[in-house]
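A.B. asks: The following file, protein.pdb, comprises PDB, C-alpha atoms:
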```pdb
ATOM      1  CA  MET A   1       0.000   0.000   0.000
ATOM      2  CA  ASN A   2       1.336   3.425  -0.922
ATOM      3  CA  VAL A   3       0.442   6.443   1.178
ATOM      4  CA  ILE A   4       0.386  10.069   0.115
ATOM      5  CA  ARG A   5       0.395  12.678   2.836
ATOM      6  CA  TYR A   6      -1.189  15.960   1.856
ATOM      7  CA  ASN A   7      -0.439  19.112   3.852
ATOM      8  CA  GLN A   8      -3.359  21.471   3.706
ATOM      9  CA  ARG A   9      -2.873  25.173   3.217
ATOM     10  CA  ASN A  10      -1.281  27.013   6.130
ATOM     11  CA  CYS A  11      -0.187  23.849   7.890
ATOM     12  CA  ARG A  12       3.178  24.112   9.585
ATOM     13  CA  ARG A  13       5.752  26.237   7.784
ATOM     14  CA  HIS A  14       3.962  26.493   4.436
ATOM     15  CA  ASP A  15       2.065  29.729   5.070
ATOM     16  CA  ALA A  16       3.981  31.654   2.406
ATOM     17  CA  LEU A  17       3.012  29.101  -0.280
ATOM     18  CA  ALA A  18      -0.742  29.527   0.113
ATOM     19  CA  PRO A  19      -2.635  32.416  -1.478
ATOM     20  CA  CYS A  20      -5.330  32.142   1.221
ATOM     21  CA  SER A  21      -5.795  30.409   4.527
ATOM     22  CA  ILE A  22      -7.451  27.026   4.986
ATOM     23  CA  THR A  23     -11.198  26.795   5.330
ATOM     24  CA  ARG A  24     -13.726  23.998   5.316
ATOM     25  CA  GLU A  25     -14.740  25.016   1.806
ATOM     26  CA  LEU A  26     -11.501  23.888   0.130
ATOM     27  CA  SER A  27     -12.639  20.366  -0.778
ATOM     28  CA  ASN A  28     -11.565  21.119  -4.345
ATOM     29  CA  ASP A  29      -7.929  21.006  -3.152
ATOM     30  CA  VAL A  30      -8.450  17.355  -2.169
ATOM     31  CA  ALA A  31     -10.125  16.660  -5.517
ATOM     32  CA  VAL A  32      -7.203  18.167  -7.448
ATOM     33  CA  VAL A  33      -4.675  16.079  -5.497
ATOM     34  CA  ALA A  34      -6.715  12.883  -5.981
ATOM     35  CA  ARG A  35      -7.086  13.425  -9.722
ATOM     36  CA  GLU A  36      -3.396  14.296 -10.075
ATOM     37  CA  VAL A  37      -2.338  11.110  -8.269
ATOM     38  CA  VAL A  38      -4.545   9.019 -10.552
ATOM     39  CA  ALA A  39      -3.369  10.765 -13.723
ATOM     40  CA  ARG A  40       0.333  11.152 -12.979
ATOM     41  CA  ASP A  41       1.024   7.936 -11.071
ATOM     42  CA  GLY A  42      -1.496   5.640 -12.777
ATOM     43  CA  VAL A  43      -3.120   4.635  -9.492
ATOM     44  CA  SER A  44      -5.920   2.136 -10.094
ATOM     45  CA  ARG A  45      -7.502   2.314  -6.618
ATOM     46  CA  LEU A  46      -7.462   5.271  -4.238
ATOM     47  CA  ALA A  47      -8.931   5.705  -0.766
ATOM     48  CA  LEU A  48      -9.301   9.194   0.677
ATOM     49  CA  VAL A  49      -8.932   9.443   4.448
ATOM     50  CA  GLY A  50      -8.947  12.504   6.663
ATOM     51  CA  PHE A  51      -8.823  13.395  10.320
ATOM     52  CA  SER A  52     -10.648  16.322  11.915
ATOM     53  CA  MET A  53     -10.972  19.091   9.305
ATOM     54  CA  GLY A  54      -9.374  16.791   6.719
ATOM     55  CA  GLY A  55     -12.128  14.256   7.351
ATOM     56  CA  ASN A  56     -14.694  17.003   6.915
ATOM     57  CA  LEU A  57     -13.148  17.957   3.558
ATOM     58  CA  VAL A  58     -13.129  14.335   2.345
ATOM     59  CA  LEU A  59     -16.772  13.870   3.375
ATOM     60  CA  LYS A  60     -17.765  17.163   1.721
ATOM     61  CA  LEU A  61     -15.963  16.142  -1.472
ATOM     62  CA  ALA A  62     -17.701  12.745  -1.477
ATOM     63  CA  GLY A  63     -21.040  14.538  -1.326
ATOM     64  CA  GLU A  64     -20.039  16.914  -4.108
ATOM     65  CA  TRP A  65     -18.831  14.090  -6.338
ATOM     66  CA  GLY A  66     -21.781  11.830  -5.608
ATOM     67  CA  SER A  67     -21.930   9.141  -8.279
ATOM     68  CA  GLN A  68     -19.560  11.194 -10.462
ATOM     69  CA  ALA A  69     -16.450  10.343  -8.399
ATOM     70  CA  PRO A  70     -13.478   9.041 -10.381
ATOM     71  CA  LEU A  71     -13.707   5.267 -10.849
ATOM     72  CA  GLN A  72     -10.409   4.799  -8.988
ATOM     73  CA  VAL A  73     -11.802   6.263  -5.753
ATOM     74  CA  LEU A  74     -12.979   3.486  -3.477
ATOM     75  CA  ARG A  75     -16.420   3.627  -1.954
ATOM     76  CA  GLY A  76     -17.199   2.148   1.456
ATOM     77  CA  ARG A  77     -18.923  -0.930   0.082
ATOM     78  CA  ARG A  78     -16.028  -1.637  -2.294
ATOM     79  CA  LEU A  79     -13.520  -1.576   0.543
ATOM     80  CA  LEU A  80     -15.081  -4.776   1.859
ATOM     81  CA  SER A  81     -15.240  -6.620  -1.446
ATOM     82  CA  SER A  82     -12.617  -9.052  -2.681
ATOM     83  CA  ASP A  83     -11.636  -7.051  -5.808
TER      84      ASP A  83
END
```
Kindly present the structure from the file in structure tokens form.
C.D. replies:
Amino acid sequence: MNVIRYNQRNCRRHDALAPCSITRELSNDVAVVAREVVARDGVSRLALVGFSMGGNLVLKLAGEWGSQAPLQVLRGRRLLSSD
């Protein structure tokens, strides 16, 4: 299993790199990272996991994507299947 750690805007010493501060509305940042990982690295299955505000962003993104989520993104029921 490969893991990608994503630092959200204004986390730690990265304040100067972000044009604005982090808010709960930035679920698109997670979407961009997920799509980039699939496109650039050829990932066939991807699970998004977050803690605290990160979990809120992942849940918000799941609602925004609905059934239009990239095929590589695992859904809860698929995590339990044998494929």
A.B. asks: Identify which of the residues A:Met1, A:Leu74, A:Leu48, A:Met53 lies closest to Val30 (chain A), counting only C-alpha atoms when measuring atom-to-atom distances.
C.D. replies: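 Smallest distance to Val30 (chain A) is found for A:Leu48.
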A.B. asks: Please list as a list of chain:residue names every residue within 10 Å of Arg75 (chain A), counting only C-alpha atoms and excluding residues in the same chain fewer than 5 positions away.
C.D. replies: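 The residues satisfying every condition are A:Leu46, A:Ala47, A:Leu48, A:Ala62, A:Ala69, A:Leu80.
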A.B. asks: Work out how far CA of Trp65 (chain A) is from CA of Val33 (chain A), in Å to one decimal.
C.D. replies: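 We find that CA of Val33 (chain A) and CA of Trp65 (chain A) lie 14.3 Å from each other.
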A.B. asks: For a cutoff of 8 Å around the file-coordinate point (-11.1, 15.4, -0.2), which residues qualify once you count only C-alpha atoms? I'd like the result as an MDAnalysis selection string.
C.D. replies: chainID A and resid 27:31 34 48:50 54:55 57:62
A.B. asks: Could you please determine the separation between CA of Val73 (chain A) and CA of Arg45 (chain A) in Å, to one decimal place?
C.D. replies: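 One can read the CA of Val73 (chain A) to CA of Arg45 (chain A) distance as 5.9 Å.
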A.B. asks: Using all atoms of region 54-65 of chain A that appear in the file, construct an axis-aligned enclosing box with 6 Å of padding on every side and provide its centre coordinates and edge lengths in Å, rounded to one decimal, as lines of an AutoDock Vina configuration file.
C.D. replies:
```
center_x = -15.2
center_y = 15.4
center_z = 0.5
size_x = 23.7
size_y = 17.2
size_z = 25.7
```
A.B. asks: Of the candidates A:Arg5, A:Gly63, A:Gly42, A:Asn56, which shows the shortest atom-to-atom distance to Leu26 (chain A), using all atoms listed in the file?
C.D. replies: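 Checking each candidate against Leu26 (chain A), we get A:Asn56 as the closest.
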A.B. asks: State, in Å with one decimal place, the distance from CA of Ala39 (chain A) to CA of Phe51 (chain A).
C.D. replies: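 Result for CA of Ala39 (chain A) versus CA of Phe51 (chain A): 24.8 Å, one decimal.
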A.B. asks: Closest to Val37 (chain A) among A:Ser52, A:Gln72, A:Ser67, A:Gln8, using all atoms listed in the file?
C.D. replies: A:Gln72
